[in-house]
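Structure first, commentary second.
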Amino acid sequence: LLQEFQMSVTLSRPLCRDGLIDLLSLYLGPGSQGEVEDVPCLPECLLAQGVGGVGKSLTLRWFLQDIGIPHAFVHCVEAYQPRLLYQSILEQLGGGEGRCDSVSDFIRMLRECLGGGRRGVIVLESGERLREEGSMLSVFTRLQEITGCNVCTIVETRLDWGRLRPPQDIISPVTLHFAQYTREELVKLVGSLMEGGREEQFRMQYAGLVLSVFYSVTRSLTELQHIAKLNYTTYIKPIVDGELKESDTKKLWFHIEPFLRKCLSTVHLREVASKQMLSLEQDAAKEDHTPSATSLAPLPLALGPTIANVNRITIELPFYSKFILISAFLASYNPAKSDKRFFVKHHGKQRKTMTTMKSKEKLNSQLTGPKPFPLERLLAIFYNVVEEQVNPTANIYSQVSSLVKLQLLSAIGLDMMDQPKYKCNVSLDFVRTVAKTVQFDIYKYLYDHC
């Protein structure tokens, strides 16, 4: 039913992906006469590569639906068994009668389904999962050669081909790289996704304000869209109340800036959930229907999405994970040159001069935000702040990965396997609460508070 629903939904043309749509037109059609059948032969395999949230699946789904070529979308995480993968592909391509338990059954039934010169495209989302299924990746990359049918396999993945290639050598596919959106493209996308019946220029102006605060912290479209929707009702409230006009850009910016700054330190933690968003909208609707006498009272600070959630701060973590999180916070908010001062016993006497004091005032890390740091520096701080002797085992490295999955840390530059970089996502209040549980004085090691 879900597949039938997805096939019946008419998608709009993806924004900011015209270059990749032109490339797909060269490879898959339409041909010179504007028909898909004019393309003599489909490519054997394409690799749609890019980080998460750059429109890979959406662009492919819209393009294949637009040109009208038979296609099948299969998520390799949902189809956790080869049998489920085969049956899902065959059902979407118009076949699938009978059991399909092996590769040989799949090849035979795919020939029957795409016989008579019929074309087909198979899109494998999260294709990196096929590395764990033995020779399945080599089968799908050579599907046209094995079946003799005019079929193309598109592997959609976040990894590049050098990291996706299995141990046995297979044909290198044609790569379609989905680059991250630029700042101008993100403004256009966030502004177009906003609702409320306002003019396009006003929505783009609001998207530009959001990007001016969050672009240095995250470039994830889903996160930016979440933040923009969360604060949009607060942004337009003075306009709805008649206090300001849409052209009062500067006053609107001073109104919304405190609420955006509250979301800055915990942008990846989703402090305000969907239910809280709904309650905020319901509270705003109730306020609109209250008597005018109540409007004379001063507006409370909790009108916008609050981050001071006590329940969220009290998080349960393993013992060493707490020290790793504290070390990550220190590495993100302390300059690297200060590590010797805090963690080496005989570092020498440091004199305070007017130059160092002025530079320290300018570089307030709590305002500039967290900085990325290498894994080597994180572990060096960790081994200094933890009281007992800890060996560098796989358990320590796995806890770093767990913190990334919990979105307490962000992984940056994972293509550099020898030296990955990370960034801390938690606020000072959050890490101070964690530090209290292990009797660690965080202020003693903060560069801004020494």
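Chain labels follow the order of the structure tokens: the first chain is A, the next B, and so on; residue numbering restarts at 1 in every chain, and ligands are counted from 1 in their shown order.
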
inquiry  = With DSSP run on the backbone, what are the alpha helix (DSSP H) residues within stretch 144-207 of chain A? I'd like them as a PyMOL selection string.
reply    = chain A and resi 144-147+161-164+183-193+200-207

inquiry  = With only C-alpha atoms as the counted atoms, please give the residues lying no more than 10 Å from A:Met109, apart from itself and same-chain residues fewer than 2 positions off, as a PyMOL selection string.
reply    = chain A and resi 86-87+90+95-100+103-107+111-115+147

Output file for the selection above: all heavy atoms, as a compact mmCIF listing (two decimals), in the first residue's frame:
```
# COMPACT_ATOMS: atom_id res chain seq x y z
N TYR A 86 14.23 -8.70 -3.49
CA TYR A 86 13.84 -9.18 -4.82
C TYR A 86 12.35 -9.00 -5.07
O TYR A 86 11.94 -8.51 -6.13
CB TYR A 86 14.21 -10.66 -4.96
CG TYR A 86 15.67 -10.97 -4.78
CD1 TYR A 86 16.09 -12.18 -4.24
CD2 TYR A 86 16.65 -10.04 -5.14
CE1 TYR A 86 17.44 -12.48 -4.06
CE2 TYR A 86 18.00 -10.33 -4.97
CZ TYR A 86 18.38 -11.55 -4.42
OH TYR A 86 19.71 -11.83 -4.25
N GLN A 87 11.54 -9.40 -4.11
CA GLN A 87 10.09 -9.33 -4.30
C GLN A 87 9.59 -7.89 -4.43
O GLN A 87 8.70 -7.60 -5.23
CB GLN A 87 9.38 -10.02 -3.12
CG GLN A 87 9.53 -11.54 -3.12
CD GLN A 87 8.78 -12.19 -1.98
OE1 GLN A 87 8.31 -11.53 -1.08
NE2 GLN A 87 8.68 -13.52 -2.03
N LEU A 90 10.41 -6.69 -8.01
CA LEU A 90 9.55 -7.30 -9.02
C LEU A 90 8.12 -6.79 -8.95
O LEU A 90 7.47 -6.57 -9.98
CB LEU A 90 9.57 -8.83 -8.85
CG LEU A 90 10.92 -9.51 -9.15
CD1 LEU A 90 10.88 -10.97 -8.74
CD2 LEU A 90 11.26 -9.39 -10.63
N GLY A 95 5.88 -7.35 -12.05
CA GLY A 95 5.93 -8.81 -12.01
C GLY A 95 5.66 -9.29 -10.61
O GLY A 95 4.79 -8.78 -9.91
N GLY A 96 6.40 -10.30 -10.18
CA GLY A 96 6.33 -10.73 -8.80
C GLY A 96 5.36 -11.84 -8.50
O GLY A 96 5.07 -12.10 -7.34
N GLU A 97 4.82 -12.52 -9.50
CA GLU A 97 3.94 -13.67 -9.25
C GLU A 97 4.79 -14.89 -8.95
O GLU A 97 5.61 -15.30 -9.76
CB GLU A 97 3.03 -13.92 -10.44
CG GLU A 97 2.05 -12.78 -10.71
CD GLU A 97 1.12 -13.11 -11.86
OE1 GLU A 97 1.26 -14.22 -12.41
OE2 GLU A 97 0.29 -12.26 -12.21
N GLY A 98 4.58 -15.48 -7.80
CA GLY A 98 5.38 -16.63 -7.40
C GLY A 98 6.47 -16.22 -6.41
O GLY A 98 6.75 -15.04 -6.20
N ARG A 99 7.10 -17.22 -5.81
CA ARG A 99 8.14 -16.98 -4.82
C ARG A 99 9.46 -16.66 -5.50
O ARG A 99 9.76 -17.16 -6.58
CB ARG A 99 8.31 -18.21 -3.92
CG ARG A 99 7.12 -18.44 -3.01
CD ARG A 99 7.36 -19.65 -2.13
NE ARG A 99 8.54 -19.48 -1.28
CZ ARG A 99 8.50 -18.87 -0.10
NH1 ARG A 99 7.37 -18.36 0.36
NH2 ARG A 99 9.59 -18.78 0.64
N CYS A 100 10.23 -15.81 -4.83
CA CYS A 100 11.55 -15.43 -5.34
C CYS A 100 12.51 -15.49 -4.16
O CYS A 100 12.61 -14.53 -3.38
CB CYS A 100 11.51 -14.03 -5.96
SG CYS A 100 13.08 -13.50 -6.65
N VAL A 103 18.94 -15.61 -6.09
CA VAL A 103 19.36 -14.74 -7.18
C VAL A 103 18.91 -15.30 -8.53
O VAL A 103 18.49 -14.55 -9.42
CB VAL A 103 20.89 -14.54 -7.14
CG1 VAL A 103 21.35 -13.68 -8.31
CG2 VAL A 103 21.32 -13.90 -5.83
N SER A 104 19.00 -16.61 -8.69
CA SER A 104 18.61 -17.22 -9.96
C SER A 104 17.12 -17.02 -10.23
O SER A 104 16.72 -16.74 -11.37
CB SER A 104 18.97 -18.72 -9.96
OG SER A 104 18.32 -19.36 -8.86
N ASP A 105 16.27 -17.13 -9.18
CA ASP A 105 14.84 -16.87 -9.36
C ASP A 105 14.60 -15.41 -9.73
O ASP A 105 13.75 -15.10 -10.57
CB ASP A 105 14.08 -17.20 -8.07
CG ASP A 105 14.08 -18.70 -7.78
OD1 ASP A 105 14.28 -19.48 -8.73
OD2 ASP A 105 13.88 -19.06 -6.61
N PHE A 106 15.34 -14.52 -9.10
CA PHE A 106 15.19 -13.10 -9.39
C PHE A 106 15.58 -12.78 -10.83
O PHE A 106 14.88 -12.02 -11.52
CB PHE A 106 16.05 -12.29 -8.41
CG PHE A 106 16.08 -10.82 -8.69
CD1 PHE A 106 14.94 -10.04 -8.54
CD2 PHE A 106 17.25 -10.20 -9.11
CE1 PHE A 106 14.96 -8.67 -8.81
CE2 PHE A 106 17.29 -8.84 -9.37
CZ PHE A 106 16.14 -8.08 -9.23
N ILE A 107 16.67 -13.36 -11.30
CA ILE A 107 17.11 -13.11 -12.69
C ILE A 107 16.07 -13.63 -13.68
O ILE A 107 15.72 -12.96 -14.66
CB ILE A 107 18.48 -13.79 -12.93
CG1 ILE A 107 19.55 -13.19 -12.00
CG2 ILE A 107 18.90 -13.63 -14.38
CD1 ILE A 107 19.78 -11.72 -12.14
N ARG A 111 13.72 -11.22 -16.17
CA ARG A 111 13.70 -11.38 -17.63
C ARG A 111 12.26 -11.45 -18.15
O ARG A 111 11.94 -10.85 -19.19
CB ARG A 111 14.46 -12.65 -18.03
CG ARG A 111 15.98 -12.52 -17.98
CD ARG A 111 16.63 -13.85 -18.25
NE ARG A 111 18.08 -13.77 -18.20
CZ ARG A 111 18.87 -14.81 -18.04
NH1 ARG A 111 18.33 -16.03 -17.90
NH2 ARG A 111 20.18 -14.66 -18.01
N GLU A 112 11.41 -12.16 -17.42
CA GLU A 112 10.01 -12.25 -17.83
C GLU A 112 9.31 -10.89 -17.70
O GLU A 112 8.47 -10.53 -18.53
CB GLU A 112 9.28 -13.29 -16.98
CG GLU A 112 9.82 -14.70 -17.14
CD GLU A 112 9.17 -15.67 -16.17
OE1 GLU A 112 8.33 -15.19 -15.35
OE2 GLU A 112 9.50 -16.87 -16.19
N CYS A 113 9.69 -10.13 -16.66
CA CYS A 113 9.04 -8.85 -16.40
C CYS A 113 9.45 -7.78 -17.41
O CYS A 113 8.63 -6.97 -17.85
CB CYS A 113 9.37 -8.40 -14.98
SG CYS A 113 8.60 -6.86 -14.49
N LEU A 114 10.74 -7.78 -17.79
CA LEU A 114 11.26 -6.76 -18.70
C LEU A 114 11.53 -7.31 -20.09
O LEU A 114 12.42 -6.83 -20.80
CB LEU A 114 12.55 -6.15 -18.13
CG LEU A 114 12.42 -5.42 -16.78
CD1 LEU A 114 13.76 -4.91 -16.32
CD2 LEU A 114 11.41 -4.27 -16.89
N GLY A 115 10.77 -8.32 -20.48
CA GLY A 115 10.95 -8.88 -21.81
C GLY A 115 10.34 -8.00 -22.89
O GLY A 115 9.59 -7.05 -22.62
N THR A 147 21.15 -10.38 -17.07
CA THR A 147 19.79 -10.65 -17.54
C THR A 147 19.63 -10.46 -19.04
O THR A 147 18.72 -11.04 -19.64
CB THR A 147 18.80 -9.73 -16.81
OG1 THR A 147 19.13 -8.36 -17.10
CG2 THR A 147 18.84 -9.96 -15.32
```

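Atom CA of A:Arg17 is positioned 28.2 Å from atom CA of A:Arg118.
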
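For the choices A:Glu145, A:Val431, A:Leu84, A:Gly116, the atom-to-atom distance to A:Asp101 is smallest for A:Leu84 when using only C-alpha atoms.
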
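Among A:Cys16, A:Ala394, A:Leu58, A:Ile69, the residue with the shortest atom-to-atom distance to A:Arg183, counting only C-alpha atoms, is A:Cys16.
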
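With only C-alpha atoms as the atoms that count, the residue of A:Gly242, A:Leu137, A:Thr157, A:Ala435 with the shortest distance to A:Phe319 is A:Ala435.
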
request  = Would you return as an NGL selection string the members of stretch 108-284 of chain A that DSSP assigns to strand (DSSP E) on this structure's backbone?
outcome  = :A and (119-125 or 150-157 or 174-177)

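Coordinates place atom CA of A:Pro43 at a distance of 14.8 Å from atom CA of A:Gly117.
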
key: Polymer residues at most 10 Å from A:Thr249, only C-alpha atoms, same-chain spacing of 3 or more positions, as a list of chain:residue names   = A:Phe202, A:Gln205, A:Tyr206, A:Leu209, A:Leu244, A:Lys245, A:Glu246, A:Leu252, A:Trp253, A:Phe254, A:His255

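Closest to A:Glu125 among A:Lys322, A:Lys250, A:Lys371, A:Lys56 is A:Lys56, based on only C-alpha atoms.
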
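Note that the spacing between atom CA of A:Leu124 and atom CA of A:Ile154 amounts to 6.2 Å.
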